[in-house]
Amino acid sequence: MSFQTFGTRGTGAGTPLTIEYVEQPGLGRIALLMVLTLTVYRFWAKTNVRRHIWSCVHINGEPLEYTGRGVELFLGFLIVFGLFFLPIFIVLAVLQLSLGPEHPAIILANLALFLVILFLWGMALYRARRYQLSRTLWRGIRGSLVGSSMSYSLLYFGAMLLRSMTLGWSTPAMNLNLQERMIGDMRIGSMPFRFKGRAGPLYGPYAICWVATFVVTIVLALVVGIAGYALFGDTLGAFFESINKNDGSGPPPDTDLFVGIIAVAFIVGFLLFTVVYYVTWAFYVAREMSIFASYTTLDSARFRMEATGGSLIALVLGNLLLMIFTLGIATPFAQQRLVRYLVTRLSADGIVDVNAILQSREAVGRTGEGLADAFDVSWI
Amino acid sequence: MSIRTDARFFDGEIARDHIAVVELTDRGLEIEGLDVRQRIWSLSGLSAVALPQPGYPLRLSHESEPGARLVITQEAFTRELVTRAPHLAGGFNAKRAGRVAVIVAVSALLTAAILYLILSFAPQTLAFVMPDSWRNSLGDHVEAALASDGKLCASSASNATLGRLAGRLREGNPEMPAIEIKIYDLNILNAFALPGGRIVITKQLIDAARSGDEVAGVLGHEIGHVYHRHSEAQLIRAMGIELLLKIASGGGEIGSFAGILAILQYSRDAEREADDFAQKTLVNAAIDPLGLKRFFEEIKKLEGSGSSGGGFFDTMGDMMSTHPVTDERIEAIKPLPAGIVARPALSADDWTSLRKICG
């Protein structure tokens, strides 16, 4: 409850920042309407969820306010669909009709489409952030993102290419670059956020996770292989014998069984690998979040994030189960858990001169998040 | 009666807040403070940032000053304000509900119009503007998917009997589209019109026919599908449906045998159009339409007795699934008009060689 903060007036040289998550009732009612998520109503449902979650985030006792509207998201969707996806569908359909579905030109067109989407991915991320900031009020002051989405998406595209070329080893440095660009462009009213720091401290955790993934993958392959052989060795041996004896009159009798065993081993191996992969990298992501927060300042306040691998795994696993067992209806609660996790673990040292924050003069766009909605990159 | 309270005021220009005194009067909320110039917010222009809840401060905004916010913590004042401006507490708003109803109705109409355009109007139109090279490449693909596990017995391009059959149908029918007849040994009893004027007839269909007139009748029907470009339209329709599905989900590919059959499954209107074409063509060529009639009756009997196969997958490729034969269709086939003397569609020799075409 924020009654006691009545006197916090933020006058004088500066105020320490307190960031907290204040629970409020009403999300259940909003979640019920998520049943309609697949329809056009989803834009309005999303808006209601954001309005609720935003209002739970209190900074110095004052809640954030989300001022976006469902119709803005809807128009954004229509624009992106009409200008991007519809032309692509039509071009692909015409190519398919005129050349037949297996023509090399169609494979080329699909490859080009993949590259274009990869390029637009960064743009989608940036524009979604810009829309959300421009619709976020704190103490009546708007946020903004002042840079160009084109240059961000170029950087993002480069980072993705570099990442695959360096087997991932460019990731910490490029993530730092991307974060620097994004945070450096962020403003609350007239006051900029700043981001400054080196990638060096990220490389220790990165190397550990990279090597761990590599070793675990090999161990996993061996374990699944040996276990499979121990359990079904006799069957497989018999199968290979029958191949040797085969007179070419058709496939050996146990082919289906053999293929089944291989498929099961592959699926079990893949599932185990996925679990190990996410568990391992959660520790890196947690380190990265903490380090990035410590590089971020607003006025004279420096942020601090207490993220840990274990808590991150618990958060993601919990959200996954929540979504699966409610068939997605509990999505707003998963989003709430995520925001609550971030907000309760985020704090700031130092002071901010609230008197120096004036209203943003950035133009406010009319439509929102078309690309981000289409690519589903916006996590809330 | 007017009541007043202390409140916090954000002017939307600076992040710092201001202490203000708020008075609820007949004119609305009168706001004034040490560094807040006096202003009046009308009650009708007020909105609550979040619905008022006991224990939480009430945040208000006003249409006259988009960025400004007024925070009231005194509950007695809040209660009185909500009594005088009930729209702040949510509740039914006739004007809003009306607007939503109009929007929903207009979107429903728009959706129906778009669906009609994609599924009905556009495919039929585009099928006729499609260049022949596109139709041929589509035909290649559909033929490959349809007959991949069957043996090609003969084609009218190289087989003299089939060539004569096509030529016989063309007699008196100069407007008949160019066609290529292909006989396949497939495990089904059926005939298909494919894009680009290709017509596939299965060996089982020829085995089931008792005369060349019956085969010619079926052929006339399939030429009707070619003439009206039903298969091209149906493929475009399938693409439209795929597009719609992709918008909703992320879609799958249509390419399986069952998928192709679904595409070649025409509407009742399309079947009637093809039947009418067959009737007209047969009359012009002086071939007895009663052959087609007999064949349809035979098919109906086969399907009715369920002798055509066991399970679902055995029967779904058969004639009934793509060309459902109804009594109505059988009755619509009329004999040759008086004065026209029927001549057989195939000579006795040609009929014999057609029956042996698959060896």
# chains A, B, ... in the order shown; residues from 1 in each chain; ligands from 1
$ interface_residues --of "chain B" --to "chain A" --cutoff "7 Å" --atoms "only C-alpha atoms" --output "PyMOL selection string"
chain B and resi 10+12-17+56+67-69+134+137-138+141
$ select_by_dssp --residues "stretch 98-192 of chain B" --states "alpha helix (DSSP H)" --output "ChimeraX atom specification"
/B:98-116,122-129,132-146,160-170
$ residues_around --residues "A:Glu23" --least-positions-apart "4" --cutoff "9 Å" --atoms "only C-alpha atoms" --output "count of residues only"
3
$ residues_around --residues "stretch 76-80 of chain B" --least-positions-apart "6" --cutoff "9 Å" --atoms "only C-alpha atoms" --output "ChimeraX atom specification"
/B:3-5,24,52,57-58
$ write_last_selection --atoms "N, CA and C atoms" --output "PDB file, in the first residue's frame"
ATOM      1  N   ILE B   3     -17.167  19.219  -0.836  1.00  0.00           N
ATOM      2  CA  ILE B   3     -16.190  18.689   0.117  1.00  0.00           C
ATOM      3  C   ILE B   3     -14.798  18.872  -0.468  1.00  0.00           C
ATOM      4  N   ARG B   4     -13.794  18.855   0.392  1.00  0.00           N
ATOM      5  CA  ARG B   4     -12.443  19.068  -0.096  1.00  0.00           C
ATOM      6  C   ARG B   4     -11.459  18.133   0.580  1.00  0.00           C
ATOM      7  N   THR B   5     -10.306  17.956  -0.082  1.00  0.00           N
ATOM      8  CA  THR B   5      -9.254  17.115   0.486  1.00  0.00           C
ATOM      9  C   THR B   5      -7.906  17.562  -0.070  1.00  0.00           C
ATOM     10  N   LEU B  24     -14.630  19.312  -4.446  1.00  0.00           N
ATOM     11  CA  LEU B  24     -15.661  18.730  -5.313  1.00  0.00           C
ATOM     12  C   LEU B  24     -16.877  19.636  -5.262  1.00  0.00           C
ATOM     13  N   PRO B  52     -11.524   2.195  -9.090  1.00  0.00           N
ATOM     14  CA  PRO B  52     -11.349   2.502  -7.669  1.00  0.00           C
ATOM     15  C   PRO B  52     -11.499   1.236  -6.825  1.00  0.00           C
ATOM     16  N   PRO B  57      -5.110   4.245  -3.494  1.00  0.00           N
ATOM     17  CA  PRO B  57      -5.389   5.620  -3.893  1.00  0.00           C
ATOM     18  C   PRO B  57      -6.093   5.659  -5.247  1.00  0.00           C
ATOM     19  N   LEU B  58      -6.938   6.653  -5.458  1.00  0.00           N
ATOM     20  CA  LEU B  58      -7.622   6.809  -6.744  1.00  0.00           C
ATOM     21  C   LEU B  58      -6.800   7.745  -7.629  1.00  0.00           C
TER      22      LEU B  58
END
$ atom_distance --atom1 "atom CA of A:Met305" --atom2 "atom CA of A:Ser347"
6.5 Å
$ closest_residue --among "B:Lys182, B:Arg355, B:Arg96, B:Arg170" --to "B:Ala154" --atoms "only C-alpha atoms"
B:Lys182
$ atom_distance --atom1 "atom CA of B:Ala122" --atom2 "atom CA of A:Leu111"
28.7 Å
$ residues_around --residues "stretch 189-205 of chain B" --least-positions-apart "4" --cutoff "8 Å" --atoms "only C-alpha atoms" --output "PyMOL selection string"
chain B and resi 132+135-136+138-139+142-143+177-185+209+218-219+222-223+225-226+229+231-232+264+317-319+358
$ closest_residue --among "A:Leu371, A:Ala212, A:Ala348, A:Val80" --to "A:Leu298" --atoms "only C-alpha atoms"
A:Ala348
$ select_by_dssp --residues "stretch 155-258 of chain B" --states "strand (DSSP E)" --output "PDB file with N, CA and C atoms, in the first residue's frame"
ATOM      1  N   SER B 155      -1.163 -42.865 -73.297  1.00  0.00           N
ATOM      2  CA  SER B 155      -1.583 -41.469 -73.343  1.00  0.00           C
ATOM      3  C   SER B 155      -2.115 -41.172 -74.730  1.00  0.00           C
ATOM      4  N   GLU B 180      -5.512 -34.054 -72.950  1.00  0.00           N
ATOM      5  CA  GLU B 180      -4.645 -35.213 -73.098  1.00  0.00           C
ATOM      6  C   GLU B 180      -5.191 -36.292 -72.168  1.00  0.00           C
ATOM      7  N   ILE B 181      -5.538 -37.465 -72.737  1.00  0.00           N
ATOM      8  CA  ILE B 181      -6.109 -38.539 -71.917  1.00  0.00           C
ATOM      9  C   ILE B 181      -4.985 -39.479 -71.500  1.00  0.00           C
ATOM     10  N   LYS B 182      -4.929 -39.812 -70.210  1.00  0.00           N
ATOM     11  CA  LYS B 182      -3.912 -40.743 -69.725  1.00  0.00           C
ATOM     12  C   LYS B 182      -4.586 -41.861 -68.957  1.00  0.00           C
ATOM     13  N   ILE B 183      -4.223 -43.101 -69.301  1.00  0.00           N
ATOM     14  CA  ILE B 183      -4.779 -44.249 -68.587  1.00  0.00           C
ATOM     15  C   ILE B 183      -3.730 -44.743 -67.597  1.00  0.00           C
ATOM     16  N   TYR B 184      -4.107 -44.820 -66.321  1.00  0.00           N
ATOM     17  CA  TYR B 184      -3.199 -45.293 -65.277  1.00  0.00           C
ATOM     18  C   TYR B 184      -3.739 -46.575 -64.672  1.00  0.00           C
ATOM     19  N   ASP B 185      -2.823 -47.461 -64.296  1.00  0.00           N
ATOM     20  CA  ASP B 185      -3.221 -48.647 -63.533  1.00  0.00           C
ATOM     21  C   ASP B 185      -3.065 -48.303 -62.057  1.00  0.00           C
ATOM     22  N   ALA B 191     -11.934 -41.226 -62.344  1.00  0.00           N
ATOM     23  CA  ALA B 191     -11.404 -40.408 -63.430  1.00  0.00           C
ATOM     24  C   ALA B 191     -11.211 -39.002 -62.888  1.00  0.00           C
ATOM     25  N   PHE B 192     -10.129 -38.358 -63.290  1.00  0.00           N
ATOM     26  CA  PHE B 192      -9.817 -37.024 -62.770  1.00  0.00           C
ATOM     27  C   PHE B 192      -9.520 -36.066 -63.908  1.00  0.00           C
ATOM     28  N   ALA B 193      -9.978 -34.819 -63.735  1.00  0.00           N
ATOM     29  CA  ALA B 193      -9.531 -33.743 -64.615  1.00  0.00           C
ATOM     30  C   ALA B 193      -8.450 -32.978 -63.858  1.00  0.00           C
ATOM     31  N   LEU B 194      -7.252 -32.885 -64.444  1.00  0.00           N
ATOM     32  CA  LEU B 194      -6.150 -32.179 -63.786  1.00  0.00           C
ATOM     33  C   LEU B 194      -5.934 -30.834 -64.471  1.00  0.00           C
ATOM     34  N   ARG B 198      -5.415 -32.103 -68.638  1.00  0.00           N
ATOM     35  CA  ARG B 198      -5.023 -33.508 -68.569  1.00  0.00           C
ATOM     36  C   ARG B 198      -6.144 -34.306 -67.906  1.00  0.00           C
ATOM     37  N   ILE B 199      -6.488 -35.440 -68.454  1.00  0.00           N
ATOM     38  CA  ILE B 199      -7.548 -36.252 -67.858  1.00  0.00           C
ATOM     39  C   ILE B 199      -6.989 -37.637 -67.559  1.00  0.00           C
ATOM     40  N   VAL B 200      -7.057 -38.036 -66.299  1.00  0.00           N
ATOM     41  CA  VAL B 200      -6.558 -39.341 -65.885  1.00  0.00           C
ATOM     42  C   VAL B 200      -7.749 -40.278 -65.701  1.00  0.00           C
ATOM     43  N   ILE B 201      -7.700 -41.446 -66.369  1.00  0.00           N
ATOM     44  CA  ILE B 201      -8.736 -42.466 -66.189  1.00  0.00           C
ATOM     45  C   ILE B 201      -8.047 -43.728 -65.694  1.00  0.00           C
ATOM     46  N   THR B 202      -8.635 -44.397 -64.697  1.00  0.00           N
ATOM     47  CA  THR B 202      -7.967 -45.585 -64.172  1.00  0.00           C
ATOM     48  C   THR B 202      -8.424 -46.835 -64.915  1.00  0.00           C
TER      49      THR B 202
END
$ atom_distance --atom1 "atom CA of B:Asn159" --atom2 "atom CA of B:Val215"
16.0 Å
$ residues_around --residues "A:Arg187" --least-positions-apart "3" --cutoff "6 Å" --atoms "only C-alpha atoms" --output "ChimeraX atom specification"
/A:143-144,191-193
$ residues_around --residues "A:Phe74" --least-positions-apart "3" --cutoff "6 Å" --atoms "only C-alpha atoms" --output "list in words"
Phe43, Val71 and Phe77 of chain A
$ closest_residue --among "B:Ile330, B:Ala233, B:Ala238, B:Ala345" --to "B:Ala127" --atoms "only C-alpha atoms"
B:Ala233
$ closest_residue --among "A:Leu231, A:Ala124, A:Ala307, A:Leu115" --to "A:Thr344" --atoms "only C-alpha atoms"
A:Ala307
$ closest_residue --among "B:Ala216, B:Ala105, B:Phe9, B:His18" --to "B:Arg59" --atoms "only C-alpha atoms"
B:Phe9
